[in-house]
Amino acid sequence: GARIREGDCAVLKRDEVFKAVSVLRRRKIIFEKQWFYLDNAIGHIYGTTFEVTSGGSLQPKQEVEETPTETKEAGTDNRNIVDDGKSQKLTHDDIKALKDKGIKGQEIVQQLIENSTTFRDKTEFAQDKYIKKKKRKYEAVITIVKPSTRILSTMYYAREPGKINHLRYDTLAQMLTLGNIHAGNKTIVMETCAGLVLGAVMERMGGYGSIIQMYPGGGPVRAATSCFGFPKAFFDNLHEFPLSKVQSLLSGTFTTETLPAEPEENALGEEESNGLGEERQISLQETEEEPATEAPMEVNPAEEQDTMDIHAEDVEFKENREKENRENVREKQMKQWERRKKLKEAAALLRERNADGLIVASKFHPTPLLLSLLEFVAPSRPFVVYCQYKEPLLECYTKLRERGGVINLKLSESWLRNYQVLPDRSHPKLTMSGGGGYLLSGITVLLEQGSSDCSTSEALQGEEPSSKRCKLQDLPC
């Protein structure tokens, strides 16, 4: 298996809770009320389970063979147990003292069992449940796993569902299947799910083929994509294109001269350089203010010498500033040129109008998006649209039916139920997901010029679908 290396993106797992982190030395991490450092994990295989020891260092957990305990003493039912909070003899302070002594979680759990007055009267199942609950609380055990679509989508859905438009992991799996995502594809992705859908598509394509990401606003968001830890080569065939330019590309008036050099774009650039831009601005302001504060003061003959020095510094500072400005301008021009080049490449790819598929999962209304983006998809290719709600997709369905050029239109909702599987107590989990959103999928077909006539005649006759009758009309007598 792959080993954990410094600088990797990894996912911490504890029971069913996940958290994505960068593996860096001497960096304190807080996860599930535990703090620790990942230094000791470097070099171990992914999937290793660690215990948090004193000082926050991780130690690989030794597999302890569970010795079959002598026939446990257990009650027949729980009817006589009253939860009055008095059954545990150990106080909060006692437990804290045990922890401070460095006693392991396992032993603390054992002490809790021994000091519980009601433990013996509980049924066997209730005893198991009690032990499990206490272990979760006092045994600090953490597994480090390699990120994947399944893990990251589960993590996002549990932690920040709003960021991914409540796209449930099983729905995402359906999208990849319905969109026929595979290596060598040329796929158009339009998503506002923090880059999760994009990452899923990239993982499925394995670095072969090309992806064009359509984005709203100043630049594409790829927070979740960076959690996957893809190799650099995966990004070579990833292109991006602004939604604001789609109409001009379709009408043939597209130019790269009017680049979206919006303020948000600059802010984005600064964020990428870890906020260094902000720091530079602050330091400039500070140095500007220094001479200004000293100038209005009354000048004594004795202080004249100082003011001379200040003026000399001022001149020097101005020269430095101009030099810095020139460098900034050059850097900006280079960036601008780079962006133009990338934009042209993406436009050229879209102009071919031969994409192998389209995936949409965004907070915007799907109808206008689909109608314009389907223009870039080759005939006989799949498309999938995700929406958190059903109504926009119903409208979209109707519009596509009217327009034609699509077949096999299907609106579906995926349904998910989790089960607890344990001996003698398997049942559906009590917390079931309410809804995983809706999918509209279909396949593009070549839109014939005469198709509009068919649809009008269909409206008049109101019998068979236009596609059938078109064929009948085209048949030689």
# chains A, B, ... in the order shown; residues from 1 in each chain; ligands from 1
>>> residues_around(residues="Leu250 in chain A", least_positions_apart="2", cutoff="12 Å", atoms="only C-alpha atoms", output="PyMOL selection string")
chain A and resi 243-248+252-255+347-348+350-353+371-376
>>> closest_atom_pairs(of="range 325-423 of chain A", to="range 215-225 of chain A", cutoff="12 Å", atoms="only C-alpha atoms", output="Markdown table")
| residue | atom | partner | partner_atom | distance |
| --- | --- | --- | --- | --- |
| A:Arg339 | CA | A:Gly219 | CA | 10.8 |
| A:Leu343 | CA | A:Gly219 | CA | 11.7 |
| A:Val360 | CA | A:Tyr215 | CA | 10.9 |
| A:Ala361 | CA | A:Tyr215 | CA | 11.4 |
| A:Ser362 | CA | A:Tyr215 | CA | 9.9 |
| A:Lys363 | CA | A:Pro216 | CA | 10.6 |
| A:Phe364 | CA | A:Pro216 | CA | 9.7 |
| A:Leu369 | CA | A:Pro216 | CA | 11.1 |
>>> write_last_selection(atoms="C-alpha atoms", output="compact mmCIF listing (two decimals), in the first residue's frame")
# COMPACT_ATOMS: atom_id res chain seq x y z
CA ARG A 339 -4.87 33.63 -18.76
CA LEU A 343 -8.90 30.96 -22.31
CA VAL A 360 -24.13 20.01 -14.26
CA ALA A 361 -24.44 20.32 -10.46
CA SER A 362 -24.92 23.93 -9.47
CA LYS A 363 -26.99 26.34 -7.44
CA PHE A 364 -28.20 28.06 -10.63
CA LEU A 369 -27.44 26.45 -18.43
>>> residues_around(residues="range 42-49 of chain A", least_positions_apart="6", cutoff="10 Å", atoms="only C-alpha atoms", output="list of chain:residue names")
A:Gly1, A:Ala2, A:Arg3, A:Ile4, A:Arg5, A:Glu6, A:Gly7, A:Asp8, A:Ala10, A:Val11, A:Leu12, A:Lys13, A:Arg14, A:Val23, A:Leu24, A:Arg25, A:Leu58, A:Gln59, A:Pro60, A:Lys61, A:Gln62, A:Glu63, A:Val141, A:Ile142, A:Thr143, A:Ile144, A:Val145, A:Lys146, A:Pro147
>>> write_last_selection(atoms="N, CA, C and O atoms", output="short mmCIF file (atom, residue, chain, number, x, y, z; two decimals), in the first residue's frame")
data_model
loop_
_atom_site.label_atom_id
_atom_site.label_comp_id
_atom_site.auth_asym_id
_atom_site.auth_seq_id
_atom_site.Cartn_x
_atom_site.Cartn_y
_atom_site.Cartn_z
N GLY A 1 0.82 -1.20 0.00
CA GLY A 1 0.00 0.00 0.00
C GLY A 1 0.86 1.26 0.00
O GLY A 1 2.04 1.21 0.32
N ALA A 2 0.22 2.38 -0.35
CA ALA A 2 0.95 3.66 -0.39
C ALA A 2 1.29 4.10 1.02
O ALA A 2 0.57 3.82 1.97
N ARG A 3 2.41 4.81 1.13
CA ARG A 3 2.83 5.29 2.45
C ARG A 3 2.50 6.77 2.61
O ARG A 3 2.44 7.52 1.64
N ILE A 4 2.32 7.18 3.85
CA ILE A 4 2.02 8.58 4.16
C ILE A 4 3.31 9.39 4.02
O ILE A 4 4.31 9.06 4.66
N ARG A 5 3.28 10.40 3.17
CA ARG A 5 4.48 11.23 2.98
C ARG A 5 4.18 12.66 3.42
O ARG A 5 3.02 13.08 3.43
N GLU A 6 5.23 13.38 3.73
CA GLU A 6 5.05 14.78 4.14
C GLU A 6 4.52 15.57 2.95
O GLU A 6 4.95 15.38 1.82
N GLY A 7 3.55 16.45 3.21
CA GLY A 7 2.97 17.25 2.13
C GLY A 7 1.78 16.59 1.46
O GLY A 7 1.12 17.18 0.62
N ASP A 8 1.49 15.33 1.84
CA ASP A 8 0.33 14.63 1.27
C ASP A 8 -0.97 15.24 1.76
O ASP A 8 -1.01 15.92 2.79
N ALA A 10 -4.31 13.93 3.34
CA ALA A 10 -4.79 12.69 3.96
C ALA A 10 -6.13 12.97 4.62
O ALA A 10 -6.54 14.12 4.79
N VAL A 11 -6.83 11.89 4.98
CA VAL A 11 -8.11 12.04 5.66
C VAL A 11 -8.03 11.30 6.99
O VAL A 11 -7.62 10.14 7.04
N LEU A 12 -8.40 12.01 8.07
CA LEU A 12 -8.43 11.38 9.39
C LEU A 12 -9.81 10.79 9.60
O LEU A 12 -10.81 11.41 9.23
N LYS A 13 -9.85 9.60 10.20
CA LYS A 13 -11.15 8.94 10.39
C LYS A 13 -11.25 8.48 11.83
O LYS A 13 -10.32 7.87 12.37
N ARG A 14 -12.36 8.76 12.44
CA ARG A 14 -12.64 8.23 13.76
C ARG A 14 -14.10 7.82 13.78
O ARG A 14 -14.98 8.68 13.63
N VAL A 23 -0.57 16.73 5.52
CA VAL A 23 0.40 16.11 6.43
C VAL A 23 1.63 17.00 6.50
O VAL A 23 2.42 17.08 5.56
N LEU A 24 1.76 17.72 7.61
CA LEU A 24 2.91 18.62 7.80
C LEU A 24 3.50 18.35 9.18
O LEU A 24 2.78 18.02 10.12
N ARG A 25 4.81 18.51 9.27
CA ARG A 25 5.46 18.30 10.57
C ARG A 25 5.21 19.49 11.51
O ARG A 25 5.01 20.61 11.05
N LEU A 58 1.44 10.45 17.83
CA LEU A 58 0.67 9.29 17.39
C LEU A 58 1.53 8.03 17.45
O LEU A 58 2.68 8.05 17.01
N GLN A 59 0.98 6.95 17.98
CA GLN A 59 1.68 5.67 18.00
C GLN A 59 0.79 4.63 17.34
O GLN A 59 -0.41 4.60 17.63
N PRO A 60 1.36 3.81 16.43
CA PRO A 60 0.51 2.77 15.81
C PRO A 60 -0.12 1.90 16.89
O PRO A 60 0.56 1.50 17.83
N LYS A 61 -1.42 1.66 16.73
CA LYS A 61 -2.15 0.91 17.76
C LYS A 61 -1.82 -0.57 17.64
O LYS A 61 -1.88 -1.15 16.56
N GLN A 62 -1.45 -1.15 18.76
CA GLN A 62 -1.17 -2.59 18.79
C GLN A 62 -2.49 -3.34 18.83
O GLN A 62 -3.38 -2.99 19.60
N GLU A 63 -2.61 -4.33 17.95
CA GLU A 63 -3.85 -5.11 17.93
C GLU A 63 -3.90 -5.99 19.17
O GLU A 63 -3.06 -6.88 19.35
N VAL A 141 -8.46 6.94 19.33
CA VAL A 141 -7.94 6.13 18.23
C VAL A 141 -8.29 6.81 16.90
O VAL A 141 -9.43 7.20 16.69
N ILE A 142 -7.28 6.97 16.07
CA ILE A 142 -7.48 7.69 14.80
C ILE A 142 -6.88 6.90 13.65
O ILE A 142 -5.75 6.40 13.75
N THR A 143 -7.63 6.75 12.56
CA THR A 143 -7.12 6.05 11.38
C THR A 143 -6.82 7.08 10.30
O THR A 143 -7.61 8.03 10.12
N ILE A 144 -5.71 6.92 9.61
CA ILE A 144 -5.39 7.85 8.51
C ILE A 144 -5.60 7.12 7.20
O ILE A 144 -4.99 6.07 6.96
N VAL A 145 -6.50 7.64 6.37
CA VAL A 145 -6.82 6.97 5.11
C VAL A 145 -6.51 7.87 3.92
O VAL A 145 -6.41 9.10 4.06
N LYS A 146 -6.38 7.23 2.77
CA LYS A 146 -6.09 7.96 1.53
C LYS A 146 -7.39 8.55 1.01
O LYS A 146 -8.41 7.86 0.98
N PRO A 147 -7.38 9.82 0.60
CA PRO A 147 -8.63 10.42 0.12
C PRO A 147 -9.13 9.77 -1.16
O PRO A 147 -8.33 9.36 -2.01
#
>>> closest_residue(among="A:Asp77, A:Glu139, A:Glu51, A:Glu16", to="Met155 in chain A", atoms="only C-alpha atoms")
A:Glu16
>>> residues_around(residues="Asn418 in chain A", least_positions_apart="6", cutoff="8 Å", atoms="only C-alpha atoms", output="PyMOL selection string")
chain A and resi 428-429+432
>>> atom_distance(atom1="CA of Val384 in chain A", atom2="CA of Thr149 in chain A")
17.9 Å
>>> atom_distance(atom1="CA of Asp39 in chain A", atom2="CA of Ala97 in chain A")
27.6 Å
>>> select_by_dssp(residues="range 349-447 of chain A", states="alpha helix (DSSP H)", output="MDAnalysis selection string")
chainID A and resid 349:351 366:373 391:403
>>> atom_distance(atom1="CA of Trp415 in chain A", atom2="CA of Tyr438 in chain A")
10.1 Å
>>> residues_around(residues="Val109 in chain A", least_positions_apart="3", cutoff="7 Å", atoms="only C-alpha atoms", output="ChimeraX atom specification")
/A:105-106,112-113,134-135
>>> write_last_selection(atoms="N, CA, C and O atoms", output="tab-separated table (two decimals), in the first residue's frame")
chain	number	residue	atom	x	y	z
A	105	GLY	N	-6.80	4.59	27.67
A	105	GLY	CA	-8.26	4.63	27.54
A	105	GLY	C	-8.91	3.31	27.90
A	105	GLY	O	-9.96	3.27	28.55
A	106	GLN	N	-8.26	2.21	27.46
A	106	GLN	CA	-8.82	0.88	27.70
A	106	GLN	C	-9.02	0.63	29.19
A	106	GLN	O	-10.04	0.10	29.61
A	112	LEU	N	-14.46	2.20	34.66
A	112	LEU	CA	-15.84	2.70	34.62
A	112	LEU	C	-16.82	1.54	34.76
A	112	LEU	O	-17.84	1.66	35.44
A	113	ILE	N	-16.51	0.43	34.10
A	113	ILE	CA	-17.39	-0.74	34.17
A	113	ILE	C	-17.44	-1.27	35.60
A	113	ILE	O	-18.51	-1.55	36.15
A	134	LYS	N	-18.35	4.19	25.84
A	134	LYS	CA	-17.26	4.66	26.68
A	134	LYS	C	-15.92	4.59	25.94
A	134	LYS	O	-15.06	5.45	26.10
A	135	LYS	N	-15.75	3.56	25.10
A	135	LYS	CA	-14.52	3.45	24.33
A	135	LYS	C	-14.37	4.63	23.40
A	135	LYS	O	-13.31	5.21	23.25
>>> residues_around(residues="Arg425 in chain A", least_positions_apart="3", cutoff="12 Å", atoms="only C-alpha atoms", output="PyMOL selection string")
chain A and resi 124-126+128-129+419-422+428-429
>>> closest_residue(among="A:Asn328, A:Arg204, A:Glu107, A:Thr431", to="Thr177 in chain A", atoms="only C-alpha atoms")
A:Arg204
